[in-house]
$ cat structure-v6.txt   # compact mmCIF, C-alpha atoms
# COMPACT_ATOMS: atom_id res chain seq x y z
CA MET C 1331 12.00 63.99 73.19
CA LYS C 1332 11.71 67.75 72.47
CA LYS C 1333 14.98 67.67 70.52
CA LEU C 1334 13.74 64.77 68.39
CA SER C 1335 10.46 66.60 67.63
CA PHE C 1336 12.39 69.75 66.73
CA LEU C 1337 14.74 67.79 64.48
CA ILE C 1338 11.83 66.11 62.66
CA CYS C 1339 10.06 69.46 62.13
CA ALA C 1340 13.27 71.03 60.82
CA LEU C 1341 13.80 68.12 58.43
CA VAL C 1342 10.22 68.35 57.12
CA LEU C 1343 10.60 72.10 56.52
CA LEU C 1344 13.92 71.59 54.76
CA LEU C 1345 12.47 68.92 52.47
CA THR C 1346 9.39 71.03 51.74
CA GLY C 1347 11.58 73.99 50.78
CA CYS C 1348 13.74 71.87 48.49
CA SER C 1349 10.76 70.37 46.68
CA ALA C 1350 9.15 73.81 46.23
CA GLN C 1351 12.38 75.10 44.75
CA LYS C 1352 12.52 72.19 42.29
CA SER C 1353 8.96 72.78 41.03
CA THR C 1354 9.76 76.44 40.36
CA LYS C 1355 12.73 75.44 38.21
CA ASP C 1356 10.58 72.98 36.24
CA SER C 1357 7.98 75.59 35.25
CA SER C 1358 8.15 77.83 32.23
CA GLN C 1359 8.15 81.60 32.34
CA VAL C 1360 5.99 83.54 29.91
CA SER C 1361 5.00 87.20 29.92
CA ALA C 1362 2.71 89.29 27.73
CA TYR C 1363 2.77 93.02 27.01
CA LEU C 1364 0.48 95.56 25.40
CA GLY C 1365 2.97 98.20 24.38
CA ASP C 1366 5.08 98.76 27.50
CA LYS C 1367 2.33 97.61 29.87
CA LYS C 1368 2.71 94.12 31.30
CA ILE C 1369 -0.50 92.05 31.14
CA GLU C 1370 -1.51 90.13 34.24
CA MET C 1371 -1.35 86.40 33.56
CA GLN C 1372 -2.00 83.26 35.55
CA GLN C 1373 -0.65 79.79 35.04
CA VAL C 1374 -3.36 77.19 34.38
CA ASP C 1375 -3.21 73.66 35.72
CA VAL C 1376 -3.13 71.63 32.50
CA ASN C 1377 -4.38 68.54 34.37
CA THR C 1378 -7.74 70.23 35.05
CA ASP C 1379 -8.14 71.99 31.68
CA ASP C 1380 -10.70 70.15 29.56
CA LEU C 1381 -10.20 72.73 26.80
CA ILE C 1382 -6.57 71.99 26.08
CA ASP C 1383 -7.09 69.75 23.05
CA ILE C 1384 -10.35 71.24 21.76
CA THR C 1385 -10.26 72.70 18.26
CA GLU C 1386 -12.31 75.67 17.13
CA ASP C 1387 -15.09 73.50 15.69
CA GLN C 1388 -15.70 71.49 18.90
CA ASP C 1389 -18.04 72.45 21.76
CA ILE C 1390 -16.54 74.35 24.70
CA ASP C 1391 -16.79 73.20 28.31
CA PHE C 1392 -18.18 76.43 29.80
CA ASP C 1393 -17.38 75.45 33.40
CA THR C 1394 -13.70 74.90 32.63
CA GLU C 1395 -13.57 78.12 30.68
CA LYS C 1396 -15.20 80.07 33.51
CA ASN C 1397 -12.77 78.58 36.06
CA ILE C 1398 -9.83 79.73 33.95
CA PHE C 1399 -11.00 83.27 33.18
CA SER C 1400 -13.22 84.38 36.10
CA PRO C 1401 -10.29 85.13 38.46
CA LEU C 1402 -8.79 87.44 35.82
CA LEU C 1403 -11.90 89.52 35.03
CA GLU C 1404 -11.23 92.31 37.52
CA ASN C 1405 -7.68 92.91 36.25
CA LYS C 1406 -8.26 92.81 32.51
CA THR C 1407 -6.13 95.02 30.30
CA ASN C 1408 -7.83 97.57 28.02
CA ALA C 1409 -6.84 97.72 24.36
CA LYS C 1410 -8.09 98.80 20.92
CA PHE C 1411 -8.34 96.96 17.62
CA ASP C 1412 -5.03 96.86 15.75
CA ASP C 1413 -3.08 96.97 19.05
CA GLU C 1414 -0.43 94.29 19.27
CA ILE C 1415 0.17 91.90 22.14
CA SER C 1416 3.76 90.72 22.41
CA ILE C 1417 4.48 87.47 24.20
CA LYS C 1418 7.95 86.74 25.55
CA PHE C 1419 9.15 83.21 26.26
CA ASP C 1420 11.96 82.03 28.52
CA LYS C 1421 13.14 79.35 26.07
CA LYS C 1422 12.32 77.61 22.79
CA TYR C 1423 9.21 75.38 22.80
CA ASP C 1424 8.26 72.62 20.37
CA ASN C 1425 4.76 74.03 19.95
CA ALA C 1426 3.05 77.28 20.98
CA ILE C 1427 -0.66 77.91 20.38
CA VAL C 1428 -2.87 80.77 21.55
CA TYR C 1429 -6.59 80.15 22.00
CA ASP C 1430 -8.77 83.26 21.80
CA HIS C 1431 -12.19 83.14 23.55
CA LEU C 1432 -14.93 85.77 23.20
CA LEU C 1433 -16.21 86.13 26.79
CA ASN C 1434 -19.24 87.52 28.56
CA GLU C 1435 -19.13 89.33 31.92
CA ASP C 1436 -19.07 85.98 33.82
CA GLY C 1437 -15.95 84.69 32.07
CA HIS C 1438 -17.37 82.17 29.62
CA SER C 1439 -18.05 82.26 25.89
CA PHE C 1440 -21.05 83.73 24.20
CA PHE C 1441 -21.04 80.84 21.74
CA ASN C 1442 -20.29 77.17 22.26
CA LYS C 1443 -17.88 77.05 19.31
CA SER C 1444 -16.05 80.33 19.64
CA ILE C 1445 -12.41 79.44 20.03
CA ASN C 1446 -10.05 81.16 17.64
CA GLN C 1447 -6.56 79.64 17.39
CA TYR C 1448 -3.22 81.21 16.52
CA ASP C 1449 -0.13 79.12 15.82
CA LEU C 1450 2.57 81.49 16.98
CA LYS C 1451 5.58 82.36 14.92
CA ILE C 1452 8.32 82.85 17.48
CA ASP C 1453 11.40 84.90 16.66
CA ASN C 1454 14.08 85.46 19.32
CA ASN C 1455 11.75 84.01 22.00
CA THR C 1456 9.07 86.61 21.17
CA ALA C 1457 5.75 86.35 19.30
CA SER C 1458 2.98 88.82 18.66
CA ILE C 1459 -0.78 88.89 18.04
CA LYS C 1460 -2.55 91.77 16.35
CA LEU C 1461 -6.01 92.37 17.84
CA SER C 1462 -8.88 92.29 15.35
CA GLU C 1463 -12.57 91.49 15.56
CA HIS C 1464 -13.20 87.99 16.89
CA PRO C 1465 -14.31 85.58 14.12
CA ALA C 1466 -17.07 84.13 16.33
CA LEU C 1467 -19.06 87.32 15.73
CA ALA C 1468 -19.75 86.01 12.23
CA LEU C 1469 -21.68 83.14 13.87
CA SER C 1470 -24.34 85.48 15.22
CA SER C 1471 -26.99 87.34 13.27
CA ASP C 1472 -27.15 89.91 16.09
CA SER C 1473 -23.91 90.94 17.73
CA SER C 1474 -25.20 94.38 18.75
CA PHE C 1475 -24.66 93.39 22.40
CA LEU C 1476 -20.93 93.73 21.64
CA ALA C 1477 -21.27 97.16 20.01
CA ASN C 1478 -18.95 98.96 22.45
CA GLN C 1479 -16.41 96.35 23.50
CA GLU C 1480 -15.23 92.75 23.33
CA THR C 1481 -13.85 90.90 26.33
CA ARG C 1482 -11.39 88.29 25.13
CA GLY C 1483 -9.78 85.49 27.08
CA PHE C 1484 -6.46 84.23 25.77
CA ARG C 1485 -4.88 80.89 26.67
CA ILE C 1486 -1.26 80.23 25.70
CA VAL C 1487 -0.46 76.50 25.50
CA LEU C 1488 3.22 75.58 25.25
CA LYS C 1489 4.69 72.15 24.70
CA ASP C 1490 8.27 71.03 24.94
CA SER C 1491 9.69 67.52 24.77
CA ASP C 1492 8.15 66.30 28.02
CA LYS C 1493 5.75 68.91 29.44
CA THR C 1494 2.78 71.10 28.60
CA TYR C 1495 2.35 74.56 30.14
CA GLU C 1496 -0.61 76.90 29.96
CA TYR C 1497 -1.13 80.58 30.80
CA ALA C 1498 -4.25 82.76 30.59
CA PHE C 1499 -5.00 86.48 30.44
CA ILE C 1500 -7.92 88.77 29.52
CA ILE C 1501 -8.02 91.78 27.19
CA ASN C 1502 -10.97 94.18 27.01
CA ILE C 1503 -11.10 95.70 23.51
CA LYS C 1504 -12.90 99.04 23.20
CA LYS C 1505 -14.51 99.70 19.82
$ encode --input "structure-v6.txt" --output "structure tokens"
Amino acid sequence: MKKLSFLICALVLLLTGCSAQKSTKDSSQVSAYLGDKKIEMQQVDVNTDDLIDITEDQDIDFDTEKNIFSPLLENKTNAKFDDEISIKFDKKYDNAIVYDHLLNEDGHSFFNKSINQYDLKIDNNTASIKLSEHPALALSSDSSFLANQETRGFRIVLKDSDKTYEYAFIINIKK
């Protein structure tokens, strides 16, 4: 009986390991850099992201946004305006969009319609974004609360023939 229990446990572990290995091969690999410094990113579960098909003129779901960005707030990368973020991809994708959110200290937007979108131009599996003032600041008559810095949350949404992938990272821009 002990041998049978051991055999069943070993089989379960073997199957678990094989399925975990398969899911790793199915995922995409994306990395972002500010100069030579690698930016900490996290993969987002696209099945729980209610923001994935929202355009810049639609209202944001603040709870979804906070769930995506809050875990990244402590490890945000510091930058300046005119710095360039380079994004490196592991393969060619059918579509690559970057959503740019202007965030407060809790990890959600200041405004309910503050998404800025970039359709990436990818050359040799690399794209870049030049940091400039967020366009949502034009929506406010008083943006003095952002006089010293902007915290920006970026979501990279990639689509290939059969899957959608999403990654997120935060940049703190000093003025």
$ residues_around --input "structure-v6.txt" --residues "range 1426-1429 of chain C" --least-positions-apart "5" --cutoff "6 Å" --atoms "all atoms listed in the file" --output "count of residues only"
10
$ atom_distance --input "structure-v6.txt" --atom1 "CA of Ile1459 in chain C" --atom2 "CA of Pro1401 in chain C"
22.8 Å
$ residues_around --input "structure-v6.txt" --residues "range 1496-1503 of chain C" --least-positions-apart "3" --cutoff "7 Å" --atoms "all atoms listed in the file" --output "PyMOL selection string"
chain C and resi 1370-1374+1376+1402-1403+1406-1411+1479-1488
$ closest_residue --input "structure-v6.txt" --among "C:Glu1395, C:Glu1435, C:Glu1414, C:Glu1386" --to "Asp1366 in chain C" --atoms "only C-alpha atoms"
C:Glu1414
$ atom_distance --input "structure-v6.txt" --atom1 "CA of Ala1457 in chain C" --atom2 "CA of Lys1493 in chain C"
20.2 Å
$ atom_distance --input "structure-v6.txt" --atom1 "CA of Asp1420 in chain C" --atom2 "CA of Ser1458 in chain C"
15.0 Å
$ closest_residue --input "structure-v6.txt" --among "C:Lys1418, C:Asp1492, C:Thr1378, C:Asp1412" --to "Lys1504 in chain C" --atoms "all atoms listed in the file"
C:Asp1412
$ residues_around --input "structure-v6.txt" --residues "Leu1381 in chain C" --least-positions-apart "2" --cutoff "9 Å" --atoms "only C-alpha atoms" --output "VMD selection string"
chain C and resid 1378 to 1379 1383 to 1385 1390 to 1391 1394 to 1395
$ residues_around --input "structure-v6.txt" --residues "Gly1437 in chain C" --least-positions-apart "3" --cutoff "7 Å" --atoms "only C-alpha atoms" --output "ChimeraX atom specification"
/C:1396,1399-1400,1403,1433-1434
$ closest_residue --input "structure-v6.txt" --among "C:Ser1416, C:Thr1494, C:Asn1377, C:Asn1397" --to "Leu1461 in chain C" --atoms "all atoms listed in the file"
C:Ser1416
$ closest_residue --input "structure-v6.txt" --among "C:Glu1404, C:Asp1424, C:Asp1393, C:Asp1375" --to "His1438 in chain C" --atoms "all atoms listed in the file"
C:Asp1393
$ residues_around --input "structure-v6.txt" --residues "Phe1441 in chain C" --least-positions-apart "3" --cutoff "10 Å" --atoms "only C-alpha atoms" --output "MDAnalysis selection string"
chainID C and resid 1389:1390 1392 1431:1434 1438 1444:1445 1466:1467 1469:1470
$ axis_aligned_box --input "structure-v6.txt" --around "range 1443-1458 of chain C" --padding-each-side "4 Å" --output "AutoDock Vina command-line options"
--center_x -1.9 --center_y 82.9 --center_z 18.5 --size_x 40.0 --size_y 19.8 --size_z 15.1
